[in-house]
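Reviewing the structure listed below.
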Amino acid sequence: MNYGRLEVKIKRVCQRKRARDHLKAHLTPARKRGGAVCSPLCNSNRRISSIMAESRAVEYCSDSEDLFGDYDSILGDSSVLAKLDDAEQNERLRGVEQQPEDEDVLSDSILDGLGDEPFEDLPASQLQFQEEVQEKAKRSRLQDRDKTSTPFRGLANGEGPPRRPAGTRRSVADQLKRTMLGNAAAPSAVSRTAMLKEAVVSEEINVAMQAMETVSADMPDLGPFFGLPSKVKELMFKLRGIQSLYDWQQTCLNLDCVQQRKNLIYSLPTSGGKTLVAEILILRELLCRRKDCLFILPYISLVQEKVRGLASFGLELDFMVEEYAGSKGRFPPVKRRNKTSLYIATIEKAHSLVNSLIESSRLDNLGLVVVDELHMLGDGSRGAIIEMTLAKVQYVSKTTQIIGMSATLGNIKDLQTFLRAENYTNNFRPVQLKEFVKLHDTIYEVDPKEENCFRFSRLLNFKYSSTMQKIDPDHIIALVTEVIPAHSCVLFCPTKKNCENVAAMICKYLKEDFLRHREEEKGVLLRELRDSGNGSLCPVLKVTVPYGVAYHHSGLTSEERKLVEEAYSSGVLCLLTCTSTLAAGINLPARRVILRSPYMATDFLKRSQYKQMVGRAGRAGIDSVGESILILQEKDRNMAKTLVCAPMESCYSNLMHDDGKGLLSLVLSLIGLNHLQFTLLSVAEQKMSAAVGVPESFVARKAAGQTVKKGVNLAAVRRMYLALVLFSLLKETDVWSVSERFQLSRGFVQTLLGSASAFCSCVLHFAEELEEFWPFRALLAELTRRLSYCVKAELIPLMEVAGVLESRAKQLYAAGYKTLTHLANADPAALCTAIQNLYRKQANQIVASAKMLVSEKAAALQEEVDELLALPSDLPQL
């Protein structure tokens, strides 16, 4: 039997409800239009196709407020469902006359007719519904075919097909209702492909998590991509262009200590790809173990670059990337229920972050700490901060893994002992590095096998005039023009001012050909630099950028630095003059790296600094070789041999740096974090002691029973002691307890409280008289009240009533009399009943006093109202 198809088009219109009257003519069933209801027999001559087929598609309104437009409910008598009911009823009557025993022909035939419509664009739930229906119909037909070769042979023999149990007949309308309700609850915008991909990622993560729990040596890979779902590998290629890992990276990621989450220090030359290994371990911690991670970097610029680089991964893989640098960062960080967080922080911010996590007992949520440039641990006060941070993490949390990245160090064993870590070292570099030094006009190659460490390479071939020789005695122009503009070059200078001067000097002697190289893009860069400065442009950059030259140091704004970095990376700029910050900061490699001097400011370079700078030479995937040139003076020749040929220096603790301030800071911070029992001072009390002028070292030594060598102002110490007494009282401690703790008489404590309250009131009035002290007014007003009564804040309004002391205020508050208004409207008799040992006379006095106070407050407010509503005497007249 061939049935027509119901064509339904969804038309998006405005969200306002439309009137329904104009639809009644042809959309609403007869019984809803008010007409006579036809009996089932009166429709026997009408075919289903004439009911369900239309000459044109019926348009239905799609509304955000009502999924089915103007119709009241999917469960009500809408026209589509009503037509289906009518069609089903009519066909059932026809089926009873023709095949009374077969109840499945109706549903299957109608669904077969509806199935002719292509459903490619339907939501996933409707596709699933269609597939289930077709599968059931097909299975039913196959079963009938297996039972008999002739469809009606069983009927001829008096044997009908097996009947379904009562109440199990399929209803088209019911199935459509259930399916449409499912569609309404499900997000229709999510495609089946996206759902399947999400399911695959979830399954891969589950497998990796199970594998991590049962890790063994014979299982080098925990998942599709080093324990991570294959989606991470796709993102690495999509966002970074990384198709495969270097051999050393694969070896490092498959180390037993890494799989077992032990601490690790791995060392490679600059540009060897250390950071990628750390990022994979971070992603595994975030996605598989569902733990937060901390990535510590030495400079703000590097933090910002890493935040930008990992933000896309966070969006795709559903974790947060939070910046902790400069003024950014929250302490303690936001506690998230369903998402993990990657904190990317500078050294100082990381220390504060760890402190806040310890204070809030959340350090165990930190699954991994990664430290870049770990060798900086031996670098002055910043090194001491790194050491303190890692020491606290190890002491407080036994589950947090620590990963350190570093250049090669001389005493790596000491660092291993400190961190209880394994070590992995490799000398891999993606691009070969050749090191040179320049003395006078001669270039020597660095060769540790040579007796003098230097081997002759070549002479400079560049004609200098006498004027140029005076201006550029180090032949910087010759060294630079050998590579630019075809290749890139980075020139490290000892000071920021020298960066600017050298850039300007080079441009004076460059040929005009440099101006025409990518001229239009340089013009765009200049406009962007001017826009970033609100119309102002650095005069040095204005001169140098047209030649493809710029300087880069901390004197530039962040917007200027970003524009310069992007222009250099894209090849618009071919030469950067910069300070050493760039070496350990952003990743801007070059074909040639030139060191203007072996000094940074007045300090001779360390070998680790030198290695970082020359390590920027060689661009992976672009150059086959990179080269560095160190410009030397004759006086520095012997020291330079040690610099370029000696083994890496050792890294030592800096906690004793500057007369042991690092160690003292560590001890006192542990006191504040309640992880040493030297003193009972809280964090707030420590801050208060510093505010009144008592050094933390004095408190620590006194608390530990040690002798204090340096003299301390005893007046400041007494002031701190009295401040501690008042602070204890403000913490709602009674006078008896405070006097016992500080070994003072109760009378003295009470007198101190009164004096402090009176003095605070005087300061408050003083602040009210001077406009400059406006921030103190609200603070001092509240502090005066707190000192006056020294009770919990909610009891202060009751304490203002005459005859009410602390104990009575607590009784009143417990009985429900919590405000002045409550007491002013109270019945004295009821008060006597509710409050123990309260006599009628006292109750009358309390109520009267409360009424007086309420009247005073109301009168004061009324005066303010009258003043606001009064006609100003100085109102200008027309």
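Note on naming: chains are A, B, ... as they come in the structure tokens, residues start from 1 per chain, ligands start from 1 in the order shown.
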Contacts of Phe492 in chain A within 6 Å, only C-alpha atoms, excl. fewer than 5 positions in-chain, as a list in words: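 Answer for this query is Thr577, Cys578, Thr579, Leu595 and Arg596 of chain A.
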Long-range neighbours of Lys233 in chain A as a tab-separated table (two decimals) with N, CA, C and O atoms, in the first residue's frame, 9 Å cut-off, only C-alpha atoms, 4 positions minimum in chain:
chain	number	residue	atom	x	y	z
A	224	PRO	N	47.47	6.36	23.05
A	224	PRO	CA	47.75	6.71	21.64
A	224	PRO	C	48.89	7.71	21.49
A	224	PRO	O	49.61	7.68	20.52
A	225	PHE	N	49.05	8.62	22.45
A	225	PHE	CA	50.10	9.63	22.33
A	225	PHE	C	50.73	9.84	23.70
A	225	PHE	O	50.41	10.75	24.43
A	228	LEU	N	48.26	10.04	26.33
A	228	LEU	CA	47.24	11.04	26.05
A	228	LEU	C	46.38	10.61	24.88
A	228	LEU	O	46.82	9.81	24.04
A	229	PRO	N	45.15	11.11	24.79
A	229	PRO	CA	44.30	10.75	23.65
A	229	PRO	C	44.87	11.25	22.33
A	229	PRO	O	45.66	12.20	22.29
A	237	PHE	N	49.88	18.88	15.87
A	237	PHE	CA	50.13	19.14	14.45
A	237	PHE	C	49.39	20.38	13.98
A	237	PHE	O	49.92	21.22	13.24
A	238	LYS	N	48.15	20.53	14.42
A	238	LYS	CA	47.31	21.65	13.98
A	238	LYS	C	47.82	22.98	14.51
A	238	LYS	O	47.86	23.99	13.77
A	242	ILE	N	53.82	20.10	14.68
A	242	ILE	CA	54.68	19.00	15.12
A	242	ILE	C	54.06	17.68	14.70
A	242	ILE	O	52.97	17.32	15.16
A	243	GLN	N	54.73	16.95	13.85
A	243	GLN	CA	54.23	15.66	13.39
A	243	GLN	C	54.82	14.50	14.17
A	243	GLN	O	54.16	13.49	14.39
A	244	SER	N	56.06	14.64	14.60
A	244	SER	CA	56.71	13.56	15.35
A	244	SER	C	57.69	14.16	16.34
A	244	SER	O	58.11	15.33	16.20
Alpha helix (DSSP H) per DSSP on the backbone: members of range 381-618 of chain A, as a PyMOL selection string: chain A and resi 381-396+412-419+466-471+476-481+496-508+513-516+519-532+539-544+558-569+581-584+607-614
Rank A:Phe759, A:Tyr343, A:Phe226, A:Tyr652 by their smallest atom-to-atom distance to Cys293 in chain A, using only C-alpha atoms, and report the top residue only.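 Using only C-alpha atoms, the shortest distance to Cys293 in chain A belongs to A:Tyr343.
For Leu353 in chain A, the set of protein, DNA and RNA residues having any atom at most 9 Å away, when counting only C-alpha atoms and skipping those fewer than 3 positions along the same chain, is Tyr324, Gly329, Arg330, Phe331, Pro332, Pro333, Tyr343, Ala345, Glu348, Lys349, Ala350, Ser356, Leu357 and Ile358 of chain A.
Every protein or nucleic acid residue with an atom no more than 8 Å from Glu387 in chain A, counting only C-alpha atoms and leaving out same-chain residues fewer than 3 positions away, appears here: A:Leu377, A:Gly383, A:Ala384, A:Leu390, A:Ala391, A:Ser653, A:Leu655.
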Test item: residues at most 10 Å from range 412-416 of chain A, only C-alpha atoms, excluding those fewer than 6 positions along its chain, as an MDAnalysis selection string: chainID A and resid 263:267 374:375 377 404 406 422:423 650:653
Considering only C-alpha atoms, return as a ChimeraX atom specification whatever protein or nucleic-acid residues lie within 7 Å of range 609-614 of chain A, sequence-local ones (same chain, fewer than 2 positions apart) excluded. /A:270,583-584,593,605-607,616-617,628
Ser807 in chain A environment, 12 Å, only C-alpha atoms, sequence neighbours closer than 4 positions dropped, as an MDAnalysis selection string: chainID A and resid 734 789 791:792 795 798:799 803 811:814 835:838
Restrict the selected residues to N, CA and C atoms and save them as an mmCIF file, in the first residue's frame.
data_model
loop_
_atom_site.group_PDB
_atom_site.id
_atom_site.type_symbol
_atom_site.label_atom_id
_atom_site.label_comp_id
_atom_site.auth_asym_id
_atom_site.auth_seq_id
_atom_site.Cartn_x
_atom_site.Cartn_y
_atom_site.Cartn_z
ATOM 1 N N ASP A 734 37.975 37.098 75.861
ATOM 2 C CA ASP A 734 37.593 37.872 77.045
ATOM 3 C C ASP A 734 38.823 38.360 77.787
ATOM 4 N N TYR A 789 33.705 48.214 72.663
ATOM 5 C CA TYR A 789 32.908 47.145 73.265
ATOM 6 C C TYR A 789 33.628 45.799 73.287
ATOM 7 N N VAL A 791 33.504 43.074 71.479
ATOM 8 C CA VAL A 791 32.643 41.900 71.375
ATOM 9 C C VAL A 791 32.449 41.587 69.895
ATOM 10 N N LYS A 792 31.730 40.524 69.623
ATOM 11 C CA LYS A 792 31.406 40.198 68.244
ATOM 12 C C LYS A 792 30.605 41.323 67.611
ATOM 13 N N LEU A 795 26.895 41.887 68.294
ATOM 14 C CA LEU A 795 26.462 42.299 69.632
ATOM 15 C C LEU A 795 26.623 43.798 69.876
ATOM 16 N N LEU A 798 23.539 46.057 70.529
ATOM 17 C CA LEU A 798 22.923 45.834 71.841
ATOM 18 C C LEU A 798 23.755 46.443 72.953
ATOM 19 N N MET A 799 25.096 46.453 72.756
ATOM 20 C CA MET A 799 25.979 47.007 73.782
ATOM 21 C C MET A 799 25.834 48.521 73.910
ATOM 22 N N GLY A 803 23.155 49.911 80.426
ATOM 23 C CA GLY A 803 22.883 48.796 81.316
ATOM 24 C C GLY A 803 23.095 47.433 80.683
ATOM 25 N N GLN A 811 22.765 37.152 76.117
ATOM 26 C CA GLN A 811 21.454 36.607 76.495
ATOM 27 C C GLN A 811 20.349 37.166 75.607
ATOM 28 N N LEU A 812 20.368 38.486 75.396
ATOM 29 C CA LEU A 812 19.350 39.107 74.562
ATOM 30 C C LEU A 812 19.416 38.586 73.128
ATOM 31 N N TYR A 813 20.629 38.471 72.617
ATOM 32 C CA TYR A 813 20.795 38.001 71.232
ATOM 33 C C TYR A 813 20.290 36.570 71.080
ATOM 34 N N ALA A 814 20.591 35.737 72.072
ATOM 35 C CA ALA A 814 20.135 34.348 72.027
ATOM 36 C C ALA A 814 18.619 34.248 72.133
ATOM 37 N N ILE A 835 14.760 36.470 79.778
ATOM 38 C CA ILE A 835 16.147 36.641 80.210
ATOM 39 C C ILE A 835 16.268 36.269 81.676
ATOM 40 N N GLN A 836 17.215 35.395 81.951
ATOM 41 C CA GLN A 836 17.410 34.938 83.324
ATOM 42 C C GLN A 836 18.000 36.053 84.186
ATOM 43 N N ASN A 837 17.467 36.164 85.422
ATOM 44 C CA ASN A 837 17.952 37.138 86.415
ATOM 45 C C ASN A 837 17.796 38.594 85.959
ATOM 46 N N LEU A 838 16.797 38.860 85.143
ATOM 47 C CA LEU A 838 16.517 40.223 84.724
ATOM 48 C C LEU A 838 15.275 40.713 85.463
#
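Shortest atom-to-atom contact with Cys288 in chain A among A:Thr340, A:Leu363, A:Arg746, A:Lys562: A:Thr340, counting only C-alpha atoms.
Across range 604-851 of chain A, DSSP run on the backbone finds strand (DSSP E) at A:Phe604, A:Val625, A:Gly626, A:Glu627, A:Ser628, A:Ile629, A:Leu630, A:Ile631, A:Leu632.
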